[in-house]
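**Q** Sharing a structure below in structure tokens format, with a few things to ask.
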Amino acid sequence: MTQGQTLSPEELAELRERYRLERERRVRPDGTRQYLAADAEFGYYAEDPYAGEAPEREPLRDRVDVAVVGGGFGGILAGARLRQRGVRRVRVIEKGGDFGGTWYWNRYPGIHCDIESHVYLPLLDETGYVPEWKYAPGEEIRRHAVRIAEKFDLYADALFSTAVTSLTWDEETRAWVVATDRGDEFRATYVITATGTLSELKLPGIPGIETFKGHTFHTSRWDYAYTGGTPDGGLTGLADKRVGVVGTGATGIQVIPKLAEDAGHLYVFQRTPSSVDVRANRRTTAQDVGADHDGWARERRDNFLRIVSGEPAEEDLVADRWTASAGLLEKLVPSFRRQGDRAAFEAAYEVADAAKMNEIRARVERIVTDRDTAEKLKPWYRYACKRPTFSDTYLQAFNRDNVTLVDTADTHGIERMTERGVVVGGTEYALDCLIFATGFSVGVSGIHSGRLPVHGRGGVQLLDAWRKEGPRTLHGFTSNGFPNLIQMGTVQSASSVNYTHVLDEHAVHAAALVAAAEAKGAVIEPSREAEDAWIAALAEDAPDHEWFHAECTPGYYNAEGRGRANGPTAYPHGASAFHELLRRWREESMDEILRAGTPVRGQGNSAVS
Ligand code: NDP
């Protein structure tokens, strides 16, 4: 096939048809129901392998100023930004044994962040830390999370190995009653929920999964006791083992080269190949990244966000494959689509997309020596259909004698499991160990999942209220009937590939709301009119992206092939514009949602010192 720029109409039609056929091979009638949650008989998959036995402690019955649900970067940043505003008692409640969230749980061999470390790691200006690699290993990121928590004194009140089980507004004390699985029932004047978006691991509902007698675990709970080694490799426990891995998404891409180095034999069970672009990780100096003045990290991060949000920027500071392909990723942002005539734009976009995917497929052909294996590793869908990945070792792993690629597309994934191993296309692959790199459930963490009931004024449950009318918020953060509750998430706000940046902007906003309420002696609660106005604003420019996702290969971006709900679920102009909108609103209109009525405190006056 020729490069995209020179594709004839016939070649483009051929490509479209190939994409359609490849999609058909993978769409399953059970859609998102094909997965299993790690609970009940599969609950052991979600146990914490890092924390050891949680220490005994007395249940808490006290009162804090702010309870932050979740100790990942969202919760840590909320805590840090509250501290900067002088808020005294901030209690972070976290299921894991320490801060870090996704970087606490995910410690698999090869783990890195494929977003540049100088824009991904938050509060670099404030902590004075300058990462030394363009793409940081997971452990460095986890340590940075701890660094921030220490600097902002978040350990003092934190509760680890503790899950919040309900939040209930108590009108009498004007506080939230926070109940946990450790018997706590304490009060918090404000609650900030930062429960993450991809935090509940999922397993494939493969028939017979429970019958397998070998060893199994999920990549987000790596069993180093079994494999030996560290996130840097050296998995000596696998030297004589037949190891299988299911999943070739962003996690699989990173873990497979490490498993290939050390496993006796590695079987990679692939359903859909990822697009795997150049990563080019390298050591960097402070000079390379312009870390020579206050605010350097903020400038670099803003520049990255502008580019990947489809906004104009004078220079490209990060200059990697994310920024180079931003136009393809962010095509759904209206600012891109408004450029010129819609039909002409769509046509030009399709050609550019084909060029990019041809480049990705050509890379497979260049690197992978076995022709049949190379064909199976080529992705046949549009670039934005699945999360792009980046690696300089993944494709090379398939040139090793101890690695076998088993394509499962024709059977819609692994057919079944037996006591001995895995069956695909009638062939049984005997295994000692099977590792699930099968990802996380979307939108089922925290208060939007129903797993953490939130009862507002009059005992109304947030999700019951939303079930009737759909989500109702102002800017995604606050809801009428749920005073002093601040939600950090993606519903009715805006997101980006550099998610820590988004979280930091949310944290700044949350802390500003708390500080303003304290200063005014008020309660934070938007009116229904303010919610209506926000929902109308979201609807006004909602992009028509349903067609795009409906044609995509299945995955978590499109509810496993079902397409994605159109309608006002997110701010349509991208994260950069959303953050600017929030800044303006804080300056000009924040008072609108501060209602009279000082929260009643057990003792002391203001939460802000
Ligand atoms: P994903 O959901 O992206 O991938 C899951 C994989 O499991 C897919 O390859 C899927 O195939 C496969 N799979 C599921 N069920 C079966 C089955 N029955 N048989 C065979 N294969 C199956 O999860 P990841 O953990 O890879 O990534 C999740 C997200 O986490 C990423 O998208 C990214 O946002 C984030 N992440 C970020 C990293 C970073 O560097 N910043 C690194 C790692 C993760 P199919 O595609 O066909 O569904």
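FYI, nothing fancy with the structure tokens labels: chains A, B, ... in order, residues from 1 per chain, ligands from 1 as they appear.
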Residues at most 7 Å from A:Leu198, counting only C-alpha atoms, excluding those fewer than 2 positions away in the same chain, as a short mmCIF file (atom, residue, chain, number, x, y, z; two decimals) with N, CA and C atoms, in the first residue's frame?
**A**
data_model
loop_
_atom_site.label_atom_id
_atom_site.label_comp_id
_atom_site.auth_asym_id
_atom_site.auth_seq_id
_atom_site.Cartn_x
_atom_site.Cartn_y
_atom_site.Cartn_z
N GLY A 196 -10.66 8.63 40.63
CA GLY A 196 -10.01 8.08 39.44
C GLY A 196 -10.99 7.64 38.37
N GLU A 200 -10.72 0.46 38.57
CA GLU A 200 -11.24 -0.86 38.95
C GLU A 200 -10.77 -1.87 37.91
N PHE A 440 -9.03 -1.85 32.72
CA PHE A 440 -9.84 -1.35 33.83
C PHE A 440 -11.22 -0.96 33.33
N SER A 441 -12.22 -1.07 34.22
CA SER A 441 -13.57 -0.69 33.85
C SER A 441 -13.66 0.83 33.75
N VAL A 442 -14.42 1.28 32.79
CA VAL A 442 -14.55 2.72 32.59
C VAL A 442 -15.78 3.23 33.33
#
**Q** Please run DSSP on the backbone and report, as number ranges by chain, all residues within stretch 239-439 of chain A that come out as helix (DSSP H, G or I).
**A** A: 250-262, 296-308, 321-324, 326-329, 334-337, 342-367, 371-376, 383-385, 394-397, 409-411
**Q** Atom CA of A:Val403 and atom CA of A:Leu377, how far apart in Å?
**A** 13.5 Å
**Q** At a cut-off of 6 Å, can you tabulate as JSON lines every residue of chain A near ligand 1 together with its closest atom pair and the distance in Å to one decimal, using only C-alpha atoms and all ligand atoms and ordering rows by chain then number?
**A**
{"residue": "A:His112", "atom": "CA", "partner": "ligand 1", "partner_atom_place_in_ligand_line": "40 (O)", "distance": 5.4}
{"residue": "A:Cys113", "atom": "CA", "partner": "ligand 1", "partner_atom_place_in_ligand_line": "40 (O)", "distance": 3.5}
{"residue": "A:Asp114", "atom": "CA", "partner": "ligand 1", "partner_atom_place_in_ligand_line": "40 (O)", "distance": 3.8}
{"residue": "A:Ile115", "atom": "CA", "partner": "ligand 1", "partner_atom_place_in_ligand_line": "41 (N)", "distance": 5.7}
{"residue": "A:Pro204", "atom": "CA", "partner": "ligand 1", "partner_atom_place_in_ligand_line": "18 (N)", "distance": 4.7}
{"residue": "A:Ile206", "atom": "CA", "partner": "ligand 1", "partner_atom_place_in_ligand_line": "18 (N)", "distance": 5.9}
{"residue": "A:Val246", "atom": "CA", "partner": "ligand 1", "partner_atom_place_in_ligand_line": "21 (N)", "distance": 5.1}
{"residue": "A:Gly247", "atom": "CA", "partner": "ligand 1", "partner_atom_place_in_ligand_line": "7 (O)", "distance": 3.3}
{"residue": "A:Thr248", "atom": "CA", "partner": "ligand 1", "partner_atom_place_in_ligand_line": "9 (O)", "distance": 3.8}
{"residue": "A:Gly249", "atom": "CA", "partner": "ligand 1", "partner_atom_place_in_ligand_line": "26 (O)", "distance": 3.4}
{"residue": "A:Ala250", "atom": "CA", "partner": "ligand 1", "partner_atom_place_in_ligand_line": "26 (O)", "distance": 3.9}
{"residue": "A:Thr251", "atom": "CA", "partner": "ligand 1", "partner_atom_place_in_ligand_line": "26 (O)", "distance": 3.7}
{"residue": "A:Gly252", "atom": "CA", "partner": "ligand 1", "partner_atom_place_in_ligand_line": "26 (O)", "distance": 5.4}
{"residue": "A:Phe269", "atom": "CA", "partner": "ligand 1", "partner_atom_place_in_ligand_line": "20 (C)", "distance": 5.8}
{"residue": "A:Gln270", "atom": "CA", "partner": "ligand 1", "partner_atom_place_in_ligand_line": "21 (N)", "distance": 5.3}
{"residue": "A:Arg271", "atom": "CA", "partner": "ligand 1", "partner_atom_place_in_ligand_line": "47 (O)", "distance": 4.2}
{"residue": "A:Thr272", "atom": "CA", "partner": "ligand 1", "partner_atom_place_in_ligand_line": "47 (O)", "distance": 4.0}
{"residue": "A:Arg387", "atom": "CA", "partner": "ligand 1", "partner_atom_place_in_ligand_line": "32 (O)", "distance": 5.4}
{"residue": "A:Gly413", "atom": "CA", "partner": "ligand 1", "partner_atom_place_in_ligand_line": "19 (N)", "distance": 3.3}
{"residue": "A:Ile414", "atom": "CA", "partner": "ligand 1", "partner_atom_place_in_ligand_line": "19 (N)", "distance": 4.4}
{"residue": "A:Ala437", "atom": "CA", "partner": "ligand 1", "partner_atom_place_in_ligand_line": "25 (O)", "distance": 5.5}
{"residue": "A:Thr438", "atom": "CA", "partner": "ligand 1", "partner_atom_place_in_ligand_line": "7 (O)", "distance": 3.5}
{"residue": "A:Gly439", "atom": "CA", "partner": "ligand 1", "partner_atom_place_in_ligand_line": "23 (O)", "distance": 3.2}
{"residue": "A:Phe440", "atom": "CA", "partner": "ligand 1", "partner_atom_place_in_ligand_line": "2 (O)", "distance": 6.0}
{"residue": "A:Gly555", "atom": "CA", "partner": "ligand 1", "partner_atom_place_in_ligand_line": "48 (O)", "distance": 4.8}
**Q** Of the candidates A:Ala570, A:Met590, A:Phe578, A:Met357, which one gets nearest to A:Leu513 if we count only C-alpha atoms?
**A**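 Using only C-alpha atoms, the shortest distance to A:Leu513 belongs to A:Met590.
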**Q** Output as JSON lines one row per residue of stretch 476-503 of chain A within 12 Å of stretch 123-126 of chain A: the closest atom pair and its distance in Å to one decimal place, counting only C-alpha atoms, sorted by chain and residue number ascending.
**A**
{"residue": "A:Thr500", "atom": "CA", "partner": "A:Leu123", "partner_atom": "CA", "distance": 10.0}
{"residue": "A:His501", "atom": "CA", "partner": "A:Leu123", "partner_atom": "CA", "distance": 9.7}
{"residue": "A:Leu503", "atom": "CA", "partner": "A:Leu123", "partner_atom": "CA", "distance": 11.5}
**Q** Kindly provide the residues of stretch 89-109 of chain A that approach stretch 152-166 of chain A to within 7 Å, each paired with its closest atom pair and their distance in Å to one decimal, based on only C-alpha atoms, listed by chain and increasing number, as a Markdown table.
**A**
| residue | atom | partner | partner_atom | distance |
| --- | --- | --- | --- | --- |
| A:Val90 | CA | A:Asp157 | CA | 6.6 |
| A:Arg91 | CA | A:Asp157 | CA | 4.9 |
| A:Val92 | CA | A:Ala158 | CA | 4.7 |
| A:Ile93 | CA | A:Leu159 | CA | 4.8 |
| A:Glu94 | CA | A:Phe160 | CA | 4.9 |
| A:Lys95 | CA | A:Ser161 | CA | 4.5 |
| A:Gly96 | CA | A:Ser161 | CA | 4.9 |
| A:Gly97 | CA | A:Ser161 | CA | 5.0 |
| A:Asp98 | CA | A:Phe160 | CA | 6.1 |
**Q** Using DSSP assignments from the backbone, pull out every residue in stretch 197-289 of chain A that falls under strand (DSSP E) and give it to me as a PyMOL selection string.
**A** chain A and resi 200-204+215-218+242-246+265-270+276-277
**Q** Could you check which of A:Thr478, A:Thr418, A:Asn558, A:Thr369 is closest to A:Glu210, using only C-alpha atoms?
**A** A:Thr418
**Q** From the set A:Asp591, A:Asp65, A:Asp292, A:Asp48, which residue has the shortest atom-to-atom contact distance to A:Thr189, counting only C-alpha atoms?
**A**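 Between A:Asp591, A:Asp65, A:Asp292, A:Asp48, the residue approaching A:Thr189 most closely is A:Asp65.
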**Q** Between atom CA of A:Thr323 and atom CA of A:Phe548, what distance in Å does the model show, to one decimal?
**A**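 Here the two named atoms are 21.4 Å from each other.
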**Q** For A:Tyr135, which of A:Ile111, A:Ala577, A:Leu82, A:Ala516 is the closest residue, counting only C-alpha atoms?
**A**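 So, comparing all the options, the nearest one is A:Ile111.
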**Q** If we count only C-alpha atoms, what is near A:Ile141 at a cut-off of 12 Å, once residues fewer than 6 positions away on the same chain are taken out, given as a PyMOL selection string?
**A** chain A and resi 72-73+99-104+106-107+111-122+124+129-133+135+147-148+500
**Q** For a quick check of understanding, using only C-alpha atoms, which of A:Tyr349, A:Arg420, A:Gly86, A:Ser576 has the smallest distance to A:Asn303?
**A**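 So, comparing all the options, the nearest one is A:Ser576.
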**Q** Rank A:Pro231, A:Pro483, A:Pro137, A:Pro273 by their smallest atom-to-atom distance to A:Leu259, using only C-alpha atoms, and report the top residue only.
**A** A:Pro231
